[in-house]
Amino acid sequence: MLTSIRTALTVAAVLSLGGLVSNAMADETQWQKDHPRRTEVNSRLNNQNKRIHNEVKDGQITRAQAAKLHGEDHAIRREERTMASTNGGHITKTEQRALNQQENQVSKQIGK
């Protein structure tokens with residue numbers, strides 16, 4: 001019971017975060033111009049969030065599978081923030097590449 005509540009809260013938090021990110025990305029902001037690597041990573045996370053949501057809606061994956069995938073994406077997002085905090089708000093090309101590899105692994109799980 002507690003696990004299902006946590007799962008539901010995690011899914012709700014990730015979905016609302018995805019909505020904020022998509023609204024913020026409608027027009028390129030100064031922040032996005034100043035942080036293109038972070039923008040690219042976060043844009044991919046937002047896209048994966050939409051793909052996961054659509055697959056749940058279409059019945060292709062269960063809510064539990066979606067929660068697991070959202071959790072993996074959330075961990076990547078936390079890692080991206082941690083990396084940026086150690087370099088004045090920026091991530092390096094090497095860090096971007098590592099984050100993209102992690103996103104690729106999650107992406108491969110979507111649609112199976």
# chains A, B, ... in the order shown; residues from 1 in each chain; ligands from 1
>>> residues_around(residues="Arg77 in chain A", least_positions_apart="2", cutoff="9 Å", atoms="only C-alpha atoms", output="number ranges by chain")
A: 41-42, 45, 72-75, 79-82, 99
>>> select_by_dssp(residues="range 23-100 of chain A", states="helix (DSSP H, G or I)", output="VMD selection string")
chain A and resid 23 to 24 30 to 34 36 to 57 63 to 85 93 to 100
>>> closest_residue(among="A:Ile110, A:Asn100, A:His53, A:Thr29", to="Ile76 in chain A", atoms="only C-alpha atoms")
A:Asn100
>>> residues_around(residues="Arg37 in chain A", least_positions_apart="4", cutoff="10 Å", atoms="only C-alpha atoms", output="ChimeraX atom specification")
/A:32-33,41-43,90-93,95-97
>>> write_last_selection(atoms="all heavy atoms", output="short mmCIF file (atom, residue, chain, number, x, y, z; two decimals), in the first residue's frame")
data_model
loop_
_atom_site.label_atom_id
_atom_site.label_comp_id
_atom_site.auth_asym_id
_atom_site.auth_seq_id
_atom_site.Cartn_x
_atom_site.Cartn_y
_atom_site.Cartn_z
N GLN A 32 18.71 29.09 -21.56
CA GLN A 32 18.93 28.03 -22.54
C GLN A 32 20.08 28.38 -23.47
O GLN A 32 20.85 27.51 -23.86
CB GLN A 32 17.66 27.79 -23.35
CG GLN A 32 16.56 27.17 -22.51
CD GLN A 32 15.22 27.20 -23.20
OE1 GLN A 32 14.88 28.17 -23.87
NE2 GLN A 32 14.45 26.13 -23.04
N LYS A 33 20.21 29.64 -23.84
CA LYS A 33 21.33 30.06 -24.68
C LYS A 33 22.65 29.92 -23.93
O LYS A 33 23.67 29.58 -24.53
CB LYS A 33 21.13 31.51 -25.12
CG LYS A 33 19.99 31.70 -26.09
CD LYS A 33 19.78 33.17 -26.41
CE LYS A 33 18.54 33.36 -27.27
NZ LYS A 33 18.25 34.77 -27.50
N VAL A 41 20.05 18.04 -22.58
CA VAL A 41 19.80 16.91 -21.68
C VAL A 41 18.38 16.99 -21.12
O VAL A 41 17.63 16.00 -21.14
CB VAL A 41 20.84 16.88 -20.53
CG1 VAL A 41 20.43 15.92 -19.43
CG2 VAL A 41 22.22 16.52 -21.07
N ASN A 42 17.98 18.16 -20.65
CA ASN A 42 16.65 18.31 -20.06
C ASN A 42 15.54 18.17 -21.09
O ASN A 42 14.46 17.67 -20.80
CB ASN A 42 16.55 19.63 -19.30
CG ASN A 42 17.41 19.63 -18.06
OD1 ASN A 42 17.59 18.60 -17.42
ND2 ASN A 42 17.96 20.77 -17.73
N SER A 43 15.80 18.60 -22.32
CA SER A 43 14.83 18.42 -23.39
C SER A 43 14.60 16.94 -23.67
O SER A 43 13.46 16.50 -23.88
CB SER A 43 15.31 19.14 -24.65
OG SER A 43 14.40 18.97 -25.69
N HIS A 90 27.13 24.91 -15.28
CA HIS A 90 27.32 24.30 -16.60
C HIS A 90 27.69 22.82 -16.44
O HIS A 90 28.14 22.40 -15.38
CB HIS A 90 28.46 25.01 -17.35
CG HIS A 90 28.17 26.44 -17.62
ND1 HIS A 90 27.44 26.86 -18.69
CD2 HIS A 90 28.51 27.56 -16.93
CE1 HIS A 90 27.33 28.18 -18.67
NE2 HIS A 90 27.98 28.64 -17.61
N ILE A 91 27.50 22.07 -17.52
CA ILE A 91 28.02 20.70 -17.57
C ILE A 91 29.01 20.63 -18.72
O ILE A 91 28.88 21.35 -19.71
CB ILE A 91 26.91 19.63 -17.71
CG1 ILE A 91 26.11 19.80 -19.00
CG2 ILE A 91 26.01 19.62 -16.48
CD1 ILE A 91 25.11 18.67 -19.28
N THR A 92 29.99 19.77 -18.57
CA THR A 92 31.01 19.61 -19.60
C THR A 92 30.50 18.70 -20.71
O THR A 92 29.48 18.02 -20.55
CB THR A 92 32.29 19.01 -19.01
OG1 THR A 92 32.01 17.66 -18.59
CG2 THR A 92 32.81 19.82 -17.83
N LYS A 93 31.22 18.68 -21.82
CA LYS A 93 30.85 17.78 -22.92
C LYS A 93 30.91 16.33 -22.46
O LYS A 93 30.06 15.52 -22.83
CB LYS A 93 31.79 17.99 -24.12
CG LYS A 93 31.53 19.26 -24.87
CD LYS A 93 32.45 19.38 -26.07
CE LYS A 93 32.21 20.68 -26.80
NZ LYS A 93 33.04 20.82 -27.99
N GLU A 95 30.41 15.20 -19.39
CA GLU A 95 29.26 14.96 -18.54
C GLU A 95 27.99 14.83 -19.38
O GLU A 95 27.15 13.96 -19.12
CB GLU A 95 29.11 16.09 -17.52
CG GLU A 95 30.21 16.10 -16.47
CD GLU A 95 30.25 17.35 -15.62
OE1 GLU A 95 29.79 18.42 -16.09
OE2 GLU A 95 30.75 17.27 -14.48
N GLN A 96 27.86 15.67 -20.40
CA GLN A 96 26.70 15.58 -21.29
C GLN A 96 26.66 14.23 -21.97
O GLN A 96 25.60 13.60 -22.06
CB GLN A 96 26.75 16.70 -22.34
CG GLN A 96 25.58 16.66 -23.30
CD GLN A 96 25.74 17.66 -24.44
OE1 GLN A 96 26.84 18.11 -24.74
NE2 GLN A 96 24.64 18.00 -25.06
N ARG A 97 27.81 13.76 -22.43
CA ARG A 97 27.88 12.46 -23.10
C ARG A 97 27.46 11.34 -22.14
O ARG A 97 26.71 10.45 -22.51
CB ARG A 97 29.31 12.23 -23.62
CG ARG A 97 29.44 11.11 -24.60
CD ARG A 97 30.79 11.04 -25.32
NE ARG A 97 31.90 11.81 -24.77
CZ ARG A 97 32.33 13.00 -25.24
NH1 ARG A 97 31.72 13.56 -26.27
NH2 ARG A 97 33.35 13.62 -24.68
#
>>> atom_distance(atom1="CA of Arg63 in chain A", atom2="CA of Thr39 in chain A")
27.6 Å
>>> closest_residue(among="A:Thr94, A:Arg44, A:Trp31, A:Gly111", to="Gly59 in chain A", atoms="only C-alpha atoms")
A:Gly111
>>> residues_around(residues="Leu69 in chain A", least_positions_apart="2", cutoff="9 Å", atoms="only C-alpha atoms", output="short mmCIF file (atom, residue, chain, number, x, y, z; two decimals) with all heavy atoms, in the first residue's frame")
data_model
loop_
_atom_site.label_atom_id
_atom_site.label_comp_id
_atom_site.auth_asym_id
_atom_site.auth_seq_id
_atom_site.Cartn_x
_atom_site.Cartn_y
_atom_site.Cartn_z
N ASN A 49 9.72 11.67 -20.89
CA ASN A 49 8.58 11.74 -19.99
C ASN A 49 7.27 11.65 -20.79
O ASN A 49 6.36 10.91 -20.43
CB ASN A 49 8.62 13.04 -19.18
CG ASN A 49 7.46 13.18 -18.25
OD1 ASN A 49 7.19 12.31 -17.44
ND2 ASN A 49 6.75 14.29 -18.36
N ILE A 52 6.79 8.07 -22.13
CA ILE A 52 6.34 7.16 -21.07
C ILE A 52 4.85 7.39 -20.81
O ILE A 52 4.05 6.45 -20.73
CB ILE A 52 7.17 7.35 -19.78
CG1 ILE A 52 8.62 6.94 -20.02
CG2 ILE A 52 6.56 6.57 -18.63
CD1 ILE A 52 9.59 7.41 -18.94
N ALA A 64 3.29 0.77 -13.02
CA ALA A 64 4.50 0.38 -12.27
C ALA A 64 5.74 0.50 -13.16
O ALA A 64 6.78 0.99 -12.72
CB ALA A 64 4.36 -1.04 -11.73
N GLN A 65 5.62 0.06 -14.40
CA GLN A 65 6.74 0.19 -15.34
C GLN A 65 7.05 1.67 -15.59
O GLN A 65 8.21 2.07 -15.64
CB GLN A 65 6.42 -0.51 -16.67
CG GLN A 65 6.37 -2.01 -16.57
CD GLN A 65 5.77 -2.64 -17.82
OE1 GLN A 65 4.76 -2.17 -18.36
NE2 GLN A 65 6.40 -3.72 -18.29
N ALA A 66 6.00 2.46 -15.73
CA ALA A 66 6.19 3.90 -15.94
C ALA A 66 6.87 4.54 -14.73
O ALA A 66 7.78 5.36 -14.90
CB ALA A 66 4.85 4.58 -16.19
N ALA A 67 6.47 4.15 -13.55
CA ALA A 67 7.08 4.71 -12.34
C ALA A 67 8.57 4.38 -12.28
O ALA A 67 9.39 5.23 -11.91
CB ALA A 67 6.37 4.19 -11.10
N GLY A 71 11.44 7.11 -12.47
CA GLY A 71 12.45 7.14 -11.41
C GLY A 71 13.86 7.18 -11.98
O GLY A 71 14.73 7.91 -11.47
N GLU A 72 14.09 6.42 -13.03
CA GLU A 72 15.41 6.43 -13.67
C GLU A 72 15.69 7.80 -14.29
O GLU A 72 16.80 8.33 -14.16
CB GLU A 72 15.50 5.32 -14.73
CG GLU A 72 15.51 3.93 -14.12
CD GLU A 72 15.54 2.83 -15.17
OE1 GLU A 72 16.12 3.06 -16.26
OE2 GLU A 72 15.00 1.74 -14.90
N ASP A 73 14.70 8.38 -14.95
CA ASP A 73 14.87 9.71 -15.52
C ASP A 73 15.11 10.75 -14.42
O ASP A 73 15.91 11.66 -14.58
CB ASP A 73 13.65 10.11 -16.35
CG ASP A 73 13.72 9.61 -17.79
OD1 ASP A 73 14.79 9.12 -18.22
OD2 ASP A 73 12.69 9.70 -18.49
N HIS A 74 14.39 10.61 -13.32
CA HIS A 74 14.56 11.55 -12.20
C HIS A 74 15.98 11.47 -11.65
O HIS A 74 16.58 12.49 -11.31
CB HIS A 74 13.52 11.25 -11.12
CG HIS A 74 13.50 12.26 -10.02
ND1 HIS A 74 13.10 13.55 -10.21
CD2 HIS A 74 13.86 12.15 -8.72
CE1 HIS A 74 13.21 14.21 -9.06
NE2 HIS A 74 13.66 13.38 -8.15
N VAL A 106 17.53 4.34 -20.81
CA VAL A 106 16.13 4.45 -20.44
C VAL A 106 15.26 4.45 -21.70
O VAL A 106 14.23 3.78 -21.76
CB VAL A 106 15.87 5.73 -19.59
CG1 VAL A 106 14.38 5.90 -19.31
CG2 VAL A 106 16.66 5.67 -18.30
N SER A 107 15.70 5.17 -22.72
CA SER A 107 14.93 5.26 -23.96
C SER A 107 14.70 3.88 -24.57
O SER A 107 13.62 3.59 -25.10
CB SER A 107 15.67 6.16 -24.96
OG SER A 107 14.92 6.29 -26.14
N GLN A 109 14.28 1.19 -23.04
CA GLN A 109 13.28 0.47 -22.24
C GLN A 109 11.86 0.92 -22.57
O GLN A 109 10.89 0.21 -22.30
CB GLN A 109 13.54 0.68 -20.75
CG GLN A 109 14.86 0.12 -20.28
CD GLN A 109 15.09 0.46 -18.83
OE1 GLN A 109 14.29 0.09 -17.97
NE2 GLN A 109 16.16 1.17 -18.55
N ILE A 110 11.73 2.12 -23.12
CA ILE A 110 10.42 2.65 -23.47
C ILE A 110 10.01 2.00 -24.80
O ILE A 110 10.77 1.97 -25.74
CB ILE A 110 10.47 4.18 -23.62
CG1 ILE A 110 10.96 4.82 -22.32
CG2 ILE A 110 9.09 4.72 -23.99
CD1 ILE A 110 11.25 6.31 -22.44
#
>>> closest_residue(among="A:His70, A:Gln102, A:Gln30, A:Gly89", to="Asn46 in chain A", atoms="only C-alpha atoms")
A:His70
